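To start, the structure under review is shown below, and the notes come after it.
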Amino acid sequence: MIAAARSELTRLRQPRLLATWFGLMTLFAVMINTVMITFSTGGGSLPAGAPGVAFPTLAELESPSGLMSGLAAASSMFGVVTLSIWAVVTAGDYGSGLIRLLVAAEPRRWRLLAGKVVALVILTAAATTVAAIVNVLAALPLAGAAGISTTAWGTDLVEVVAGAWVNLFLALCVWGVLGLVIATLARSAAVAIAIGVGYVLVVESIIKMLKDVPSDWLLGTILNAVAAGGTAAVAYSTALALGLGYVTLGLVIAGFVYIRRDVTD
Amino acid sequence: MSVVSTTDLTRRFGPITALDRLTVDLPATGVIGLVGPNGSGKSTLIRILLGLIRPTSGSASVLGSAISSPSHYSSRVGVLVESPAFIPGLSARSNLVSLARLRHLPLARVDAVLAQVGLVGRDREPVKRFSLGMKQRLGIAAALLPDPELLILDEPTNGLDPAGIVEIRELLRDLGRNGRTVFVSSHQLSEIEAVCDYLVVIRFGKLVFSGPMAEMMKRTREHIDIAAEHAGDMDRLEATLVAGGWAVSAVDDVLRVAASADRAAELNRAAAGAGVTLSRLVFAQDNLEEIFLAMTGRVDGELANGRAAVDEKVA
């Protein structure tokens, strides 16, 4: 599996792929901080119910955790990017025909899949780090310019930054696995992205509108809760447990299909 | 020892039988050619041997290990299946490095195979800048990475220019001479004829021929093509020869007489006896392509399979 992961990491070292991934993480980190701080100081009502976005209040922004609140607020955007990259990488093996070469070289397909997951998790950690660094670099000057008090931001700094990083990283891993599972089933990045993003951001939003249907089990709700370290609707531990359940189920399905299916075209 | 052995190997895709109880033993000898019309089951056979797809029934082994455990032989087999597949944004070297890592190979093998296929100097360029011929070379380099005992190549000369085809032909010959077995499928029958020591012909998933190339070429038919000086004499010439017991058929603007070269003078005298002067008398032998077409017919396998599927649905 280590050999498969090292092999996959070599293939993932594509300048365009990494520039797209890290570039979008940077863009969304800057964008969310700009919009979030503008809304909070403008006194306007925050679009808390908007799909994929959950803005903090001004008081929350000025608390010690306010420095990293952009990561949780933009977790769905980061998630969509991560889902897309995992889907593109997974489906790309089928689209290019590389899967034939890989399976012929390593017929124990579970090793290939596990190696791919490990490699993508490593790069997801790197992408999370990029988002966290850019978030800090963007939040400080933007908050200063907007007159938001940042005196509390130094309190428990390491704990706050590390906690936000871990929460976003875990949420992104679940997003990524979702992309990998659908791409393995569909063998098409475009289909996987459309289904994944469409389900989490559109279908789940519609389900939430149905008042009689409990929504705290939905994947999007769980992922937002993991990224935020727990919400009023879903406790952090519950979110982690459900997230782990979704990941396990997804990997079992993807693994079964990946191992059993004929490699034809 | 057989490098590849199959017994009643069958694979169905819905109503289509791609391989039909194929039983064949391939010796560990030089270059083995696998030929057959489109849709004859060549790619299906190769994919089953590599563990990419599973047979519906029957059994097979590669280098003495059952295909149910391809990991037992994958490190001793190099492959190029259909068109070479690489990450276009990565350099040729990085693509090979990723495969070397997957196979637990030292990176020195990457340099060795790059030199072997003549890609040194271009190896740091992204694959997307490569011509089809260069990609094909890179595909062969990837197949050579594990220094395999058995090399399985599916259409290795696809997309190559004539010079490239000759180079690959030489490379396959060298590989076959150096103790490896090269199992190569190709539509380029002239290439197969020039390179292979052993031949397997399949049609509609069934074995048509398996044996040394020399044995195949014994099936060659000899003939003499003749033409009359005046076109108006052709019918009279044909009638005379048929009456004389010669087997004659009209092919384009000549008469093709089934006869060996040593009967040319006799044929000439027969024409002269009928008062016909010959303007052409050429001896020829069937090449592999003509023997192949005589054995397999001129029906495209994919079309035939498709028709069978439609027939079955209609029925």
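In the structure tokens, chains take the letters A, B, ... in the order shown, each chain's residues start at 1, and ligands count up from 1 in the order shown.
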
- Task: Just need the residues of chain B within 10 Å of chain A, counting only C-alpha atoms, so spit them out as a PyMOL selection string.
- Result: chain B and resi 43-44+47-54+69-91+94-105+139+142-143+146

- Message: With only C-alpha atoms as the counted atoms, please give the residues lying no more than 9 Å from region 235-252 of chain B, apart from itself and same-chain residues fewer than 3 positions off, as a ChimeraX atom specification.
- Response: /B:225,227-228,231-232,255-259,267,270-271,274-276

- Of the candidates B:Gly118, B:Met216, B:Lys206, B:Lys128, which shows the shortest atom-to-atom distance to Ser40 (chain B), using only C-alpha atoms?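 Going through B:Gly118, B:Met216, B:Lys206, B:Lys128 one by one, the smallest distance to Ser40 (chain B) is for B:Lys206.
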
- Quick one: everything within 9 Å of Gly41 (chain B), counting only C-alpha atoms, minus sequence neighbours fewer than 2 positions away in the same chain. Send it as an MDAnalysis selection string. chainID B and resid 17:20 36:39 43:46 202:206 301

- Give the alpha helix (DSSP H) residues of region 32-147 of chain B, as assigned by DSSP on the backbone, as a PyMOL selection string. chain B and resi 42-49+92-102+108-116+132-144

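Shell of Leu240 (chain A) at 10 Å, with only C-alpha atoms counted and residues fewer than 2 places along the chain excluded, is Asn167, Leu170, Ala171, Ile222, Leu223, Ala225, Val226, Ala227, Gly229, Gly230, Val234, Ala235, Tyr236, Ser237, Thr238, Leu242, Gly243, Leu244, Gly245 and Tyr246 of chain A.
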
Write the selection just made, keeping C-alpha atoms, as a PDB file, in the first residue's frame?
ATOM      1  CA  ASN A 167     -11.853  20.131  11.911  1.00  0.00           C
ATOM      2  CA  LEU A 170     -11.569  15.922   8.697  1.00  0.00           C
ATOM      3  CA  ALA A 171     -14.536  17.505   6.929  1.00  0.00           C
ATOM      4  CA  ILE A 222     -22.677  16.670   9.408  1.00  0.00           C
ATOM      5  CA  LEU A 223     -19.801  18.117   7.394  1.00  0.00           C
ATOM      6  CA  ALA A 225     -20.757  20.495  12.063  1.00  0.00           C
ATOM      7  CA  VAL A 226     -17.385  18.744  11.806  1.00  0.00           C
ATOM      8  CA  ALA A 227     -15.786  21.796  10.208  1.00  0.00           C
ATOM      9  CA  GLY A 229     -16.291  21.783  15.755  1.00  0.00           C
ATOM     10  CA  GLY A 230     -19.977  21.097  16.438  1.00  0.00           C
ATOM     11  CA  VAL A 234     -25.311  18.482  15.871  1.00  0.00           C
ATOM     12  CA  ALA A 235     -22.744  17.831  18.593  1.00  0.00           C
ATOM     13  CA  TYR A 236     -19.127  17.475  17.479  1.00  0.00           C
ATOM     14  CA  SER A 237     -18.858  13.871  18.661  1.00  0.00           C
ATOM     15  CA  THR A 238     -22.071  12.942  16.871  1.00  0.00           C
ATOM     16  CA  LEU A 242     -21.655   9.968  11.571  1.00  0.00           C
ATOM     17  CA  GLY A 243     -18.874  11.285   9.324  1.00  0.00           C
ATOM     18  CA  LEU A 244     -16.793   8.204  10.060  1.00  0.00           C
ATOM     19  CA  GLY A 245     -19.828   6.056   9.299  1.00  0.00           C
ATOM     20  CA  TYR A 246     -20.341   7.766   5.934  1.00  0.00           C
TER      21      TYR A 246
END

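Between CA of Val117 (chain B) and CA of Arg137 (chain B) the separation is 5.9 Å.
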